[in-house]
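> Just so it is clear, I am handing over protein33.txt, which has compact mmCIF, C-alpha atoms.
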```txt
# COMPACT_ATOMS: atom_id res chain seq x y z
CA MET A 73 3.41 44.57 45.77
CA ALA A 74 6.32 44.89 43.41
CA ASN A 75 7.80 41.70 44.85
CA ASN A 76 4.55 39.77 44.10
CA GLU A 77 4.52 41.02 40.53
CA SER A 78 8.10 39.86 40.11
CA THR A 79 7.25 36.42 41.47
CA SER A 80 4.26 36.02 39.09
CA SER A 81 6.47 36.59 36.08
CA TYR A 82 8.48 33.42 36.73
CA PRO A 83 7.75 30.53 34.34
CA PRO A 84 5.93 27.53 35.83
CA SER A 85 8.00 24.60 37.04
CA ILE A 86 8.71 21.85 34.54
CA ASP A 87 7.42 19.23 36.96
CA THR A 88 4.11 21.06 37.50
CA LEU A 89 3.61 21.42 33.75
CA ALA A 90 4.44 17.78 33.06
CA ARG A 91 2.00 16.61 35.76
CA HIS A 92 -0.75 18.71 34.22
CA LEU A 93 0.03 17.34 30.76
CA ALA A 94 -0.40 13.82 32.16
CA THR A 95 -4.09 14.65 32.73
CA VAL A 96 -4.64 15.27 29.00
CA SER A 97 -2.26 12.75 27.43
CA THR A 98 -1.08 9.16 27.85
CA LEU A 99 2.38 9.87 26.45
CA PRO A 100 5.30 8.63 28.59
CA HIS A 101 6.47 11.03 31.32
CA ALA A 102 9.81 11.66 29.56
CA LEU A 103 8.02 12.98 26.47
CA LEU A 104 5.73 15.18 28.58
CA VAL A 105 8.77 16.65 30.35
CA ASP A 106 10.36 17.39 26.97
CA CYS A 107 7.18 19.19 25.81
CA ALA A 108 7.10 21.17 29.05
CA GLN A 109 10.74 22.20 28.72
CA ARG A 110 10.25 23.30 25.12
CA ALA A 111 7.15 25.31 26.05
CA VAL A 112 8.90 27.15 28.89
CA ARG A 113 11.87 27.87 26.65
CA ASP A 114 9.80 29.03 23.68
CA ASN A 115 6.77 30.72 25.23
CA ALA A 116 7.00 31.09 29.00
CA PRO A 117 3.98 33.42 29.48
CA GLU A 118 1.69 30.87 27.81
CA ALA A 119 3.67 27.77 28.70
CA LEU A 120 0.71 25.53 29.52
CA THR A 121 -1.13 26.22 26.26
CA THR A 122 2.08 25.87 24.27
CA ALA A 123 3.00 22.62 26.04
CA ILE A 124 -0.40 21.13 25.23
CA ASP A 125 0.10 22.09 21.58
CA TYR A 126 3.48 20.34 21.61
CA VAL A 127 1.90 17.24 23.13
CA HIS A 128 -0.69 17.16 20.36
CA ASP A 129 2.09 17.56 17.79
CA VAL A 130 3.92 14.55 19.23
CA GLU A 131 0.73 12.48 19.42
CA SER A 132 -0.09 13.24 15.79
CA MET A 133 3.29 11.82 14.72
CA MET A 134 2.64 8.45 16.35
CA LEU A 135 1.12 5.58 14.36
CA THR A 136 -2.51 5.13 15.35
CA ASP A 137 -5.70 3.64 13.98
CA VAL A 138 -7.75 5.87 11.68
CA ILE A 139 -11.03 5.46 9.85
CA ASN A 140 -10.71 5.85 6.09
CA ALA A 141 -13.83 7.67 4.91
CA THR A 142 -12.20 9.06 1.75
CA GLY A 143 -13.51 6.46 -0.69
CA VAL A 144 -9.94 5.57 -1.70
CA LEU A 145 -9.88 1.89 -0.76
CA LEU A 146 -6.08 1.53 -0.91
CA HIS A 147 -5.01 4.91 0.42
CA THR A 148 -1.22 5.19 0.33
CA ASN A 149 -1.13 7.81 3.11
CA LEU A 150 -3.28 5.53 5.29
CA GLY A 151 -1.17 2.40 4.84
CA ARG A 152 -2.80 1.03 1.65
CA ALA A 153 -4.46 -2.32 2.38
CA PRO A 154 -5.86 -2.36 5.93
CA LEU A 155 -4.85 -5.51 7.73
CA ALA A 156 -5.22 -6.84 11.27
CA THR A 157 -2.02 -8.35 12.67
CA THR A 158 -1.92 -10.49 15.81
CA THR A 159 0.81 -12.73 17.16
CA SER A 160 1.24 -14.79 20.31
CA GLY A 161 4.36 -12.90 21.31
CA ARG A 162 6.40 -16.09 21.20
CA PRO A 163 9.51 -16.62 19.04
CA THR A 164 8.92 -18.06 15.57
CA ASN A 165 10.75 -20.54 13.36
CA ILE A 166 11.55 -17.77 10.87
CA GLU A 167 14.95 -19.28 10.01
CA PHE A 168 14.73 -22.65 11.74
CA ASN A 169 13.77 -25.86 9.97
CA LEU A 170 11.51 -27.81 12.33
CA HIS A 171 11.94 -30.99 10.29
CA THR A 172 15.74 -31.13 10.36
CA GLY A 173 16.45 -29.07 13.45
CA GLU A 174 18.92 -27.01 11.44
CA ARG A 175 18.96 -23.42 10.17
CA GLY A 176 16.28 -22.82 7.55
CA SER A 177 15.17 -20.09 5.14
CA ARG A 178 12.60 -17.42 5.94
CA GLN A 179 11.50 -17.66 2.30
CA ASP A 180 10.47 -21.32 2.15
CA GLY A 181 6.96 -21.11 3.60
CA VAL A 182 5.72 -17.98 1.85
CA GLY A 183 7.56 -18.95 -1.33
CA HIS A 184 5.69 -22.26 -1.46
CA LEU A 185 2.30 -20.59 -0.93
CA ILE A 186 2.94 -17.91 -3.56
CA SER A 187 4.09 -20.51 -6.07
CA GLN A 188 0.90 -22.49 -5.51
CA LEU A 189 -1.26 -19.43 -6.06
CA VAL A 190 0.37 -18.04 -9.20
CA GLY A 191 1.71 -21.20 -10.87
CA ALA A 192 5.39 -20.33 -10.42
CA GLU A 193 8.38 -22.61 -9.96
CA ALA A 194 9.64 -20.50 -7.04
CA ALA A 195 9.04 -17.21 -5.24
CA ILE A 196 10.70 -14.92 -2.71
CA VAL A 197 9.61 -11.87 -0.73
CA VAL A 198 11.41 -8.55 -0.18
CA ASN A 199 10.36 -5.41 1.65
CA ASN A 200 8.48 -3.64 -1.19
CA ASN A 201 7.98 -3.78 -4.94
CA ALA A 202 10.62 -1.14 -5.64
CA ALA A 203 13.07 -3.44 -3.88
CA ALA A 204 11.81 -6.37 -5.97
CA VAL A 205 12.50 -4.51 -9.22
CA MET A 206 15.92 -3.37 -8.05
CA LEU A 207 16.93 -6.86 -6.90
CA VAL A 208 15.83 -8.53 -10.13
CA VAL A 209 17.70 -6.05 -12.30
CA ALA A 210 20.82 -6.10 -10.11
CA ALA A 211 20.92 -9.91 -9.99
CA LEU A 212 20.15 -10.56 -13.66
CA ALA A 213 21.42 -7.54 -15.60
CA TYR A 214 24.35 -5.95 -13.73
CA GLU A 215 26.49 -3.94 -16.19
CA ARG A 216 24.21 -5.08 -19.00
CA ASP A 217 21.16 -3.60 -20.76
CA VAL A 218 17.44 -3.87 -20.01
CA ALA A 219 15.02 -3.06 -22.85
CA ILE A 220 11.84 -1.23 -21.82
CA SER A 221 9.16 0.49 -23.86
CA ARG A 222 9.55 4.25 -23.76
CA GLY A 223 5.91 4.47 -22.67
CA GLU A 224 6.65 2.31 -19.61
CA SER A 225 9.72 4.18 -18.37
CA VAL A 226 7.60 5.74 -15.66
CA GLU A 227 7.69 7.62 -12.39
CA ILE A 228 5.25 6.57 -9.67
CA GLY A 229 4.54 7.92 -6.17
CA GLY A 230 7.38 9.24 -4.05
CA GLY A 231 9.56 10.04 -7.07
CA PHE A 232 10.28 6.36 -7.79
CA ARG A 233 11.56 6.25 -11.38
CA ILE A 234 12.41 3.20 -13.45
CA PRO A 235 15.53 4.88 -14.95
CA ASP A 236 16.81 5.63 -11.44
CA VAL A 237 16.33 2.02 -10.39
CA MET A 238 18.36 0.90 -13.39
CA GLU A 239 21.17 3.26 -12.46
CA GLN A 240 21.26 2.14 -8.82
CA SER A 241 21.15 -1.54 -9.76
CA GLY A 242 24.12 -1.25 -12.10
CA ALA A 243 22.14 -2.02 -15.27
CA ARG A 244 21.63 0.22 -18.29
CA LEU A 245 18.21 1.25 -19.52
CA VAL A 246 17.49 0.94 -23.23
CA ASP A 247 14.31 2.79 -24.25
CA VAL A 248 12.58 1.16 -27.21
CA GLY A 249 9.65 2.29 -29.33
CA THR A 250 7.81 5.54 -28.65
CA THR A 251 5.69 6.85 -25.79
CA ASN A 252 2.43 5.65 -27.32
CA ARG A 253 3.45 2.79 -29.66
CA THR A 254 6.00 0.03 -29.11
CA ARG A 255 6.15 -3.07 -31.29
CA LEU A 256 7.98 -6.38 -31.00
CA ARG A 257 10.45 -5.34 -33.67
CA ASP A 258 11.55 -2.42 -31.45
CA TYR A 259 12.69 -4.85 -28.76
CA LYS A 260 14.26 -7.18 -31.33
CA LYS A 261 16.20 -4.31 -32.84
CA ALA A 262 17.71 -3.48 -29.44
CA ILE A 263 18.56 -7.13 -28.76
CA ASP A 264 20.21 -7.60 -32.16
CA SER A 265 22.12 -4.30 -32.04
CA ARG A 266 25.89 -4.62 -31.65
CA HIS A 267 25.73 -1.47 -29.50
CA HIS A 268 23.69 -3.16 -26.77
CA ASP A 269 24.06 -6.17 -24.52
CA VAL A 270 20.42 -6.82 -23.58
CA ALA A 271 20.04 -9.19 -20.63
CA LEU A 272 16.30 -8.72 -20.07
CA THR A 273 13.18 -7.26 -21.58
CA MET A 274 10.91 -5.66 -19.01
CA LYS A 275 7.21 -4.90 -18.98
CA VAL A 276 6.21 -2.22 -16.47
CA HIS A 277 2.63 -1.62 -15.38
CA PRO A 278 2.11 2.18 -15.71
CA SER A 279 0.31 2.08 -12.34
CA ASN A 280 -1.09 5.56 -11.80
CA PHE A 281 -1.76 6.70 -15.36
CA SER A 282 -3.00 5.39 -18.70
CA ILE A 283 -2.31 6.32 -22.31
CA GLN A 284 -5.35 6.30 -24.58
CA GLY A 285 -5.95 6.87 -28.28
CA PHE A 286 -3.39 6.00 -30.95
CA THR A 287 -1.52 3.36 -28.95
CA GLU A 288 0.07 -0.05 -29.37
CA GLN A 289 1.83 -2.28 -26.85
CA THR A 290 3.83 -5.47 -27.11
CA THR A 291 2.39 -8.29 -25.03
CA ILE A 292 4.26 -10.60 -22.70
CA ALA A 293 3.45 -13.51 -25.02
CA GLU A 294 5.11 -11.67 -27.91
CA LEU A 295 8.17 -10.77 -25.84
CA ALA A 296 8.49 -14.42 -24.78
CA THR A 297 9.36 -15.29 -28.39
CA LEU A 298 12.64 -13.37 -28.12
CA ASP A 299 15.95 -14.82 -26.95
CA VAL A 300 16.20 -13.07 -23.56
CA PRO A 301 14.15 -13.49 -20.37
CA VAL A 302 10.99 -11.41 -19.89
CA VAL A 303 10.42 -9.86 -16.48
CA ALA A 304 7.12 -8.13 -15.73
CA ASP A 305 6.58 -5.54 -13.03
CA ILE A 306 2.80 -5.92 -12.72
CA GLY A 307 2.70 -3.44 -9.85
CA SER A 308 -0.63 -3.81 -8.11
CA GLY A 309 -0.40 -7.48 -7.31
CA LEU A 310 -3.53 -9.11 -8.71
CA ILE A 311 -3.02 -12.85 -8.24
CA ASP A 312 -5.41 -14.16 -10.88
CA ASN A 313 -7.65 -12.10 -13.17
CA THR A 314 -10.45 -14.70 -12.94
CA CYS A 315 -10.71 -13.87 -9.21
CA PRO A 316 -11.94 -17.30 -8.05
CA TRP A 317 -12.19 -16.00 -4.47
CA LEU A 318 -15.12 -13.78 -5.51
CA GLN A 319 -17.33 -16.74 -6.42
CA GLY A 320 -20.40 -16.67 -4.23
CA HIS A 321 -19.83 -13.00 -3.41
CA MET A 322 -20.07 -11.27 -6.80
CA ASN A 323 -21.77 -12.42 -9.98
CA THR A 324 -18.95 -11.28 -12.27
CA VAL A 325 -15.38 -10.09 -12.02
CA PRO A 326 -15.48 -6.30 -11.42
CA ALA A 327 -15.15 -4.25 -14.60
CA TRP A 328 -12.29 -2.21 -13.14
CA LEU A 329 -10.12 -5.35 -13.09
CA ILE A 330 -10.45 -6.07 -16.82
CA ASN A 331 -7.20 -4.36 -17.82
CA GLU A 332 -5.29 -5.08 -14.62
CA PRO A 333 -2.32 -7.43 -15.19
CA ALA A 334 -2.29 -10.57 -13.04
CA ALA A 335 0.57 -12.77 -11.88
CA ARG A 336 -0.86 -16.16 -12.90
CA GLN A 337 -1.75 -15.02 -16.41
CA ALA A 338 1.56 -13.15 -16.91
CA LEU A 339 3.52 -16.30 -16.08
CA ALA A 340 1.24 -18.43 -18.26
CA ASP A 341 1.84 -16.00 -21.14
CA GLY A 342 5.58 -16.55 -20.90
CA ALA A 343 6.96 -14.10 -18.33
CA ASP A 344 10.06 -15.58 -16.72
CA LEU A 345 9.56 -13.48 -13.58
CA VAL A 346 6.80 -11.28 -12.21
CA MET A 347 7.19 -8.66 -9.49
CA PHE A 348 4.33 -7.08 -7.56
CA SER A 349 3.29 -5.39 -4.32
CA GLY A 350 1.82 -7.17 -1.34
CA ASP A 351 -0.18 -4.24 0.06
CA LYS A 352 -2.29 -3.38 -2.97
CA LEU A 353 -4.69 -5.79 -4.72
CA LEU A 354 -3.28 -8.74 -2.80
CA GLY A 355 -4.61 -7.05 0.34
CA GLY A 356 -1.62 -7.93 2.50
CA PRO A 357 1.28 -6.18 4.27
CA GLN A 358 3.82 -3.95 2.56
CA CYS A 359 6.25 -6.19 0.70
CA GLY A 360 7.45 -7.02 -2.79
CA ILE A 361 7.03 -10.45 -4.36
CA ILE A 362 9.23 -12.04 -7.04
CA ALA A 363 7.89 -15.23 -8.64
CA GLY A 364 8.71 -17.33 -11.68
CA ARG A 365 11.57 -19.47 -12.98
CA ALA A 366 13.45 -21.22 -10.17
CA ASP A 367 16.92 -20.47 -11.52
CA LEU A 368 16.19 -16.75 -11.81
CA VAL A 369 14.55 -16.61 -8.39
CA ASP A 370 17.59 -18.40 -6.93
CA ALA A 371 19.90 -15.82 -8.54
CA CYS A 372 17.93 -13.06 -6.82
CA ALA A 373 17.83 -14.91 -3.49
CA SER A 374 21.60 -15.38 -3.47
CA HIS A 375 22.45 -11.79 -4.45
CA PRO A 376 24.17 -9.69 -1.72
CA LEU A 377 21.33 -7.12 -1.82
CA MET A 378 18.90 -9.75 -0.56
CA ARG A 379 20.27 -9.38 2.96
CA ALA A 380 19.34 -5.69 2.97
CA LEU A 381 15.97 -6.16 1.31
CA ARG A 382 14.59 -9.20 3.14
CA PRO A 383 11.33 -8.78 5.12
CA GLY A 384 10.94 -9.20 8.87
CA GLY A 385 8.97 -11.76 10.82
CA LEU A 386 5.82 -9.64 11.28
CA THR A 387 5.57 -9.07 7.53
CA LEU A 388 6.03 -12.77 6.78
CA HIS A 389 3.49 -13.74 9.45
CA SER A 390 0.86 -11.37 8.03
CA LEU A 391 1.60 -12.37 4.44
CA THR A 392 1.29 -16.05 5.31
CA GLN A 393 -2.18 -15.52 6.76
CA VAL A 394 -3.26 -13.60 3.64
CA LEU A 395 -1.95 -16.29 1.28
CA LEU A 396 -3.68 -19.03 3.28
CA SER A 397 -6.95 -17.08 2.94
CA TYR A 398 -6.57 -17.17 -0.84
CA LEU A 399 -5.94 -20.90 -0.82
CA SER A 400 -8.91 -21.42 1.54
CA LYS A 401 -11.12 -19.11 -0.58
CA THR A 402 -12.03 -17.06 2.49
CA VAL A 403 -10.63 -13.84 1.03
CA CYS A 404 -13.85 -11.81 1.11
CA THR A 405 -14.25 -12.60 4.80
CA ASP A 406 -10.64 -12.39 5.95
CA ILE A 407 -9.10 -9.58 3.89
CA PRO A 408 -10.59 -6.10 4.48
CA PHE A 409 -9.82 -4.77 0.98
CA TRP A 410 -11.75 -7.55 -0.76
CA ALA A 411 -14.54 -7.27 1.81
CA MET A 412 -14.91 -3.60 0.80
CA VAL A 413 -14.85 -4.47 -2.89
CA SER A 414 -17.39 -7.31 -2.65
CA THR A 415 -19.93 -5.53 -0.43
CA PRO A 416 -23.15 -5.14 -2.48
CA LEU A 417 -24.10 -1.57 -3.36
CA LEU A 418 -27.46 -1.89 -1.57
CA ALA A 419 -25.68 -2.90 1.62
CA VAL A 420 -23.43 0.17 1.40
CA GLU A 421 -26.49 2.38 0.87
CA GLN A 422 -28.30 0.86 3.85
CA ARG A 423 -25.32 1.49 6.12
CA ALA A 424 -25.25 5.14 5.01
CA ILE A 425 -29.00 5.44 5.71
CA ASN A 426 -28.59 3.95 9.18
CA ILE A 427 -25.72 6.28 10.05
CA VAL A 428 -27.66 9.39 8.96
CA GLU A 429 -30.80 8.30 10.84
CA LEU A 430 -28.91 7.68 14.08
CA ALA A 431 -26.57 10.68 13.85
CA HIS A 432 -29.38 13.06 12.80
CA ILE A 433 -27.09 14.92 10.42
CA GLY A 434 -26.25 14.83 6.71
CA THR A 435 -27.89 13.33 3.66
CA VAL A 436 -27.25 10.05 1.84
CA VAL A 437 -25.67 10.59 -1.58
CA GLU A 438 -24.33 8.46 -4.43
CA LEU A 439 -20.53 8.47 -4.61
CA GLU A 440 -17.76 6.83 -6.60
CA SER A 441 -14.97 5.05 -4.72
CA VAL A 442 -11.58 4.44 -6.32
CA VAL A 443 -9.19 1.55 -5.76
CA GLY A 444 -6.15 3.77 -5.15
CA ALA A 445 -2.41 3.09 -4.76
CA GLY A 446 -1.93 3.17 -8.53
CA SER A 447 -4.29 0.23 -9.09
CA ALA A 448 -6.90 0.31 -11.87
CA PRO A 449 -6.17 3.96 -12.79
CA GLY A 450 -9.12 5.91 -14.17
CA THR A 451 -11.79 3.48 -12.93
CA THR A 452 -14.36 3.83 -10.16
CA ILE A 453 -16.61 1.66 -7.98
CA GLU A 454 -20.20 2.65 -7.23
CA SER A 455 -20.73 3.65 -3.62
CA TYR A 456 -22.91 5.59 -1.21
CA GLY A 457 -21.95 8.05 1.44
CA ILE A 458 -22.97 10.99 3.56
CA ALA A 459 -22.84 14.68 2.62
CA ILE A 460 -22.66 17.28 5.38
CA PRO A 461 -22.70 20.99 4.49
CA GLY A 462 -19.60 22.83 5.69
CA GLN A 463 -15.98 21.99 6.31
CA HIS A 464 -15.81 19.40 9.07
CA ARG A 465 -12.70 17.53 8.03
CA GLU A 466 -10.54 18.91 10.85
CA ALA A 467 -13.12 18.19 13.55
CA LEU A 468 -13.47 14.60 12.32
CA ARG A 469 -9.71 14.21 12.12
CA MET A 470 -9.44 15.26 15.79
CA TRP A 471 -11.90 12.59 16.97
CA SER A 472 -10.59 9.98 19.43
CA THR A 473 -10.29 7.57 16.51
CA PRO A 474 -9.41 10.00 13.70
CA ILE A 475 -11.85 9.98 10.78
CA ILE A 476 -10.31 10.98 7.46
CA ALA A 477 -12.97 12.53 5.20
CA ARG A 478 -12.82 14.69 2.08
CA ILE A 479 -14.25 18.09 1.16
CA VAL A 480 -15.67 19.16 -2.19
CA ASP A 481 -17.29 22.57 -2.74
CA GLN A 482 -17.65 23.38 0.98
CA THR A 483 -19.30 20.02 1.67
CA THR A 484 -17.80 17.22 3.77
CA PHE A 485 -18.22 13.74 2.32
CA ILE A 486 -18.02 10.38 4.10
CA ASP A 487 -17.71 7.44 1.69
CA VAL A 488 -19.13 4.43 3.51
CA ARG A 489 -17.59 1.76 1.25
CA SER A 490 -14.09 2.50 2.54
CA VAL A 491 -15.25 2.43 6.19
CA GLN A 492 -15.23 -0.94 7.91
CA PRO A 493 -18.69 -1.87 9.28
CA GLN A 494 -17.44 -2.22 12.86
CA ASP A 495 -16.57 1.49 12.76
CA ASP A 496 -20.10 2.70 11.94
CA LEU A 497 -20.85 3.45 15.62
CA ILE A 498 -17.72 5.62 15.86
CA LEU A 499 -18.91 7.50 12.78
CA ILE A 500 -22.37 7.97 14.30
CA ASN A 501 -20.95 9.44 17.51
CA ALA A 502 -18.52 11.72 15.67
CA LEU A 503 -21.17 13.00 13.24
CA SER A 504 -23.64 13.54 16.09
CA ALA A 505 -21.09 15.83 17.74
CA LEU A 506 -21.10 18.06 14.64
CA ARG A 507 -24.72 19.09 15.13
```
Show the structure stored in the file as structure tokens.

Amino acid sequence: MANNESTSSYPPSIDTLARHLATVSTLPHALLVDCAQRAVRDNAPEALTTAIDYVHDVESMMLTDVINATGVLLHTNLGRAPLATTTSGRPTNIEFNLHTGERGSRQDGVGHLISQLVGAEAAIVVNNNAAAVMLVVAALAYERDVAISRGESVEIGGGFRIPDVMEQSGARLVDVGTTNRTRLRDYKKAIDSRHHDVALTMKVHPSNFSIQGFTEQTTIAELATLDVPVVADIGSGLIDNTCPWLQGHMNTVPAWLINEPAARQALADGADLVMFSGDKLLGGPQCGIIAGRADLVDACASHPLMRALRPGGLTLHSLTQVLLSYLSKTVCTDIPFWAMVSTPLLAVEQRAINIVELAHIGTVVELESVVGAGSAPGTTIESYGIAIPGQHREALRMWSTPIIARIVDQTTFIDVRSVQPQDDLILINALSALR
């Protein structure tokens, strides 16, 4: 009897545990073995339960599809602009010129499309907008000064600060004006000062905040009258504030876009370069875009940092498809972000009604979506969604396709505008399971 008790106290075999884990997870065998070993080492009496917990921890770290039911259309934690990416699996001519048969540039194709869209002489792509700002400043203002309004010397998500970028790029930041009011003469004073060597003036979109009240800003057109180039970090990446791609889908340009800077208009107003993100209002993959004067773009393209900041083939492939959609005016069909934006309010309401009727849970409520990712701060978009009493966020997050909802005052909310229509059936099944 004592011998049996001693035998039962042994931990289970690693192989037995790993084989059991294979019945609850599709992770590779090597990862299941690792989870089993950790569980035996850390909690032998409850090794199986612990191993399953470790498996779930590993699975939760892997990239996977989720359903964004938060109402934040460009949710930074969920990858910002949703975008389908497919390739043939074949090699591409990323740096091969098919016309000459010689080595080519990965920038030529996307650069041509961007230039067509925004009215620029030239354009290049880097891996995000922070990289675009750093490259421009490093290439054009190394060991010189860059004049920026004190109210635009900002910090955005992830601790990204304009002063830090200046320091890393080798340029010096010169704050001009005050937090709430900066006039043209403030920039001119810095340029004319014998204490400064101003190479650029920079306009920075404040992104995730706005200053209201007793304020004054200097426009790009005013800055263009000075004797140094104007570069504009417009942040969110609106191509054209007239939004021609919305014709036939919306009667007017959405009100939340009224104060959003746009690349085409910034260049027309006199900006020598604009920089913006690809995964925000453009609706494309994560990247940073630099467009404007050919000589300045060339200086950026030939800078040593460009090698470290250049995008890969998958990014360029996805971006090319997005840019072609703009030129074809099929944006509201092809690009999920603009499909969400242009969906009529009545259609959003009807989807919410259908989901509630089929899931037999929750009530349809009016909601307000937000653009997100620092775009159009302080503005909202009318929406409809589903309210379910209680805290169900964790249960929805654990669904086979995780559903990311939000909770307010002990009520779980599903905002339908940020959910793609093809996912309504998944929502219905997940909500039905909550009953």
> Which protein, DNA or RNA residues have an atom at most 12 Å from (-15.1, -7.0, -1.1), counting all atoms listed in the file? List them as a ChimeraX atom specification.
/A:145,315,317-322,325-326,353,355,402-417,419-420,443,453,489-492
> Can you write out the residues you just picked, keeping C-alpha atoms, as a PDB file, in the coordinates of the input?

```pdb
ATOM      1  CA  LEU A 145      -9.880   1.890  -0.760  1.00  0.00           C
ATOM      2  CA  CYS A 315     -10.710 -13.870  -9.210  1.00  0.00           C
ATOM      3  CA  TRP A 317     -12.190 -16.000  -4.470  1.00  0.00           C
ATOM      4  CA  LEU A 318     -15.120 -13.780  -5.510  1.00  0.00           C
ATOM      5  CA  GLN A 319     -17.330 -16.740  -6.420  1.00  0.00           C
ATOM      6  CA  GLY A 320     -20.400 -16.670  -4.230  1.00  0.00           C
ATOM      7  CA  HIS A 321     -19.830 -13.000  -3.410  1.00  0.00           C
ATOM      8  CA  MET A 322     -20.070 -11.270  -6.800  1.00  0.00           C
ATOM      9  CA  VAL A 325     -15.380 -10.090 -12.020  1.00  0.00           C
ATOM     10  CA  PRO A 326     -15.480  -6.300 -11.420  1.00  0.00           C
ATOM     11  CA  LEU A 353      -4.690  -5.790  -4.720  1.00  0.00           C
ATOM     12  CA  GLY A 355      -4.610  -7.050   0.340  1.00  0.00           C
ATOM     13  CA  THR A 402     -12.030 -17.060   2.490  1.00  0.00           C
ATOM     14  CA  VAL A 403     -10.630 -13.840   1.030  1.00  0.00           C
ATOM     15  CA  CYS A 404     -13.850 -11.810   1.110  1.00  0.00           C
ATOM     16  CA  THR A 405     -14.250 -12.600   4.800  1.00  0.00           C
ATOM     17  CA  ASP A 406     -10.640 -12.390   5.950  1.00  0.00           C
ATOM     18  CA  ILE A 407      -9.100  -9.580   3.890  1.00  0.00           C
ATOM     19  CA  PRO A 408     -10.590  -6.100   4.480  1.00  0.00           C
ATOM     20  CA  PHE A 409      -9.820  -4.770   0.980  1.00  0.00           C
ATOM     21  CA  TRP A 410     -11.750  -7.550  -0.760  1.00  0.00           C
ATOM     22  CA  ALA A 411     -14.540  -7.270   1.810  1.00  0.00           C
ATOM     23  CA  MET A 412     -14.910  -3.600   0.800  1.00  0.00           C
ATOM     24  CA  VAL A 413     -14.850  -4.470  -2.890  1.00  0.00           C
ATOM     25  CA  SER A 414     -17.390  -7.310  -2.650  1.00  0.00           C
ATOM     26  CA  THR A 415     -19.930  -5.530  -0.430  1.00  0.00           C
ATOM     27  CA  PRO A 416     -23.150  -5.140  -2.480  1.00  0.00           C
ATOM     28  CA  LEU A 417     -24.100  -1.570  -3.360  1.00  0.00           C
ATOM     29  CA  ALA A 419     -25.680  -2.900   1.620  1.00  0.00           C
ATOM     30  CA  VAL A 420     -23.430   0.170   1.400  1.00  0.00           C
ATOM     31  CA  VAL A 443      -9.190   1.550  -5.760  1.00  0.00           C
ATOM     32  CA  ILE A 453     -16.610   1.660  -7.980  1.00  0.00           C
ATOM     33  CA  ARG A 489     -17.590   1.760   1.250  1.00  0.00           C
ATOM     34  CA  SER A 490     -14.090   2.500   2.540  1.00  0.00           C
ATOM     35  CA  VAL A 491     -15.250   2.430   6.190  1.00  0.00           C
ATOM     36  CA  GLN A 492     -15.230  -0.940   7.910  1.00  0.00           C
TER      37      GLN A 492
END
```
> Hey, which of A:Glu167, A:Glu131, A:Asp87, A:Glu174 ends up closest to Gly384 of chain A? Count all atoms listed in the file.
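Among the listed residues, the smallest separation from Gly384 of chain A belongs to A:Glu167.
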> Find the residues near segment 356-359 of chain A: any atom within 8 Å, counting all atoms listed in the file, skip ones fewer than 6 places away on the same chain, and give them as a list in words.
Ala153, Pro154, Leu155, Val197, Val198, Asn199, Asn200, Asn201, Ser349, Gly350, Pro383, Thr387, Ser390, Leu391, Val394 and Ile407 of chain A
> Give me, as a list of chain:residue names, all polymer residues having an atom no more than 8 Å from segment 472-478 of chain A, counting only C-alpha atoms and skipping those fewer than 4 positions away in the same chain.
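Counting only the stated atoms, we get A:Asp137, A:Val138, A:Ile139, A:Asn140, A:Ala141, A:Thr142, A:Arg465, A:Leu468, A:Thr484, A:Phe485, A:Ile486, A:Asp487, A:Ile498, A:Leu499.
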> Could you tell me how far atom CA of Leu189 of chain A sits from atom CA of Ala204 of chain A, in Å to one decimal place?
18.5 Å
> So, counting all atoms listed in the file, which residue among A:Gly249, A:Gly434, A:Pro333, A:Pro84 is closest to Gly457 of chain A?
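The answer is A:Gly434, which sits nearest to Gly457 of chain A.
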> For the atom pair atom CA of Ile263 of chain A and atom CA of Asp370 of chain A, what is the interatomic distance in Å to one decimal place?
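These atoms are spaced 24.6 Å apart.
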> Could you check how far atom CA of Ala202 of chain A sits from atom CA of Leu388 of chain A, in Å to one decimal?
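Between atom CA of Ala202 of chain A and atom CA of Leu388 of chain A the gap works out to 17.6 Å.
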> List every residue of segment 394-498 of chain A that has an atom at most 8 Å from any atom of segment 288-309 of chain A, and for each one report the closest atom pair and its distance in Å to one decimal, counting only C-alpha atoms, with rows sorted by chain and then by increasing residue number, as CSV.

```
residue,atom,partner,partner_atom,distance
A:Ala445,CA,A:Ser308,CA,7.9
A:Gly446,CA,A:Ser308,CA,7.1
A:Ser447,CA,A:Ser308,CA,5.5
```
> Using C-alpha atoms, can you export the residues from the last selection as a PDB file, in the frame of the given file?

```
ATOM      1  CA  ALA A 445      -2.410   3.090  -4.760  1.00  0.00           C
ATOM      2  CA  GLY A 446      -1.930   3.170  -8.530  1.00  0.00           C
ATOM      3  CA  SER A 447      -4.290   0.230  -9.090  1.00  0.00           C
TER       4      SER A 447
END
```
> So that I can see what lies close to Ser441 of chain A, please list as a list in words the residues with an atom at most 7 Å from it, counting only C-alpha atoms and leaving out residues fewer than 3 positions away in the same chain.
Gly143, Val144, Thr452, Ile453, Glu454 and Ser455 of chain A
> Closest to Ala243 of chain A among A:Arg216, A:His101, A:Arg257, A:Arg266, using all atoms listed in the file?
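The shortest atom-to-atom distance to Ala243 of chain A comes from A:Arg216.
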> Would you mind telling me which residue in A:Leu245, A:Val218, A:Leu395, A:Leu386 lies nearest to Leu185 of chain A when using all atoms listed in the file?
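Comparing A:Leu245, A:Val218, A:Leu395, A:Leu386 against Leu185 of chain A, the winner is A:Leu395.
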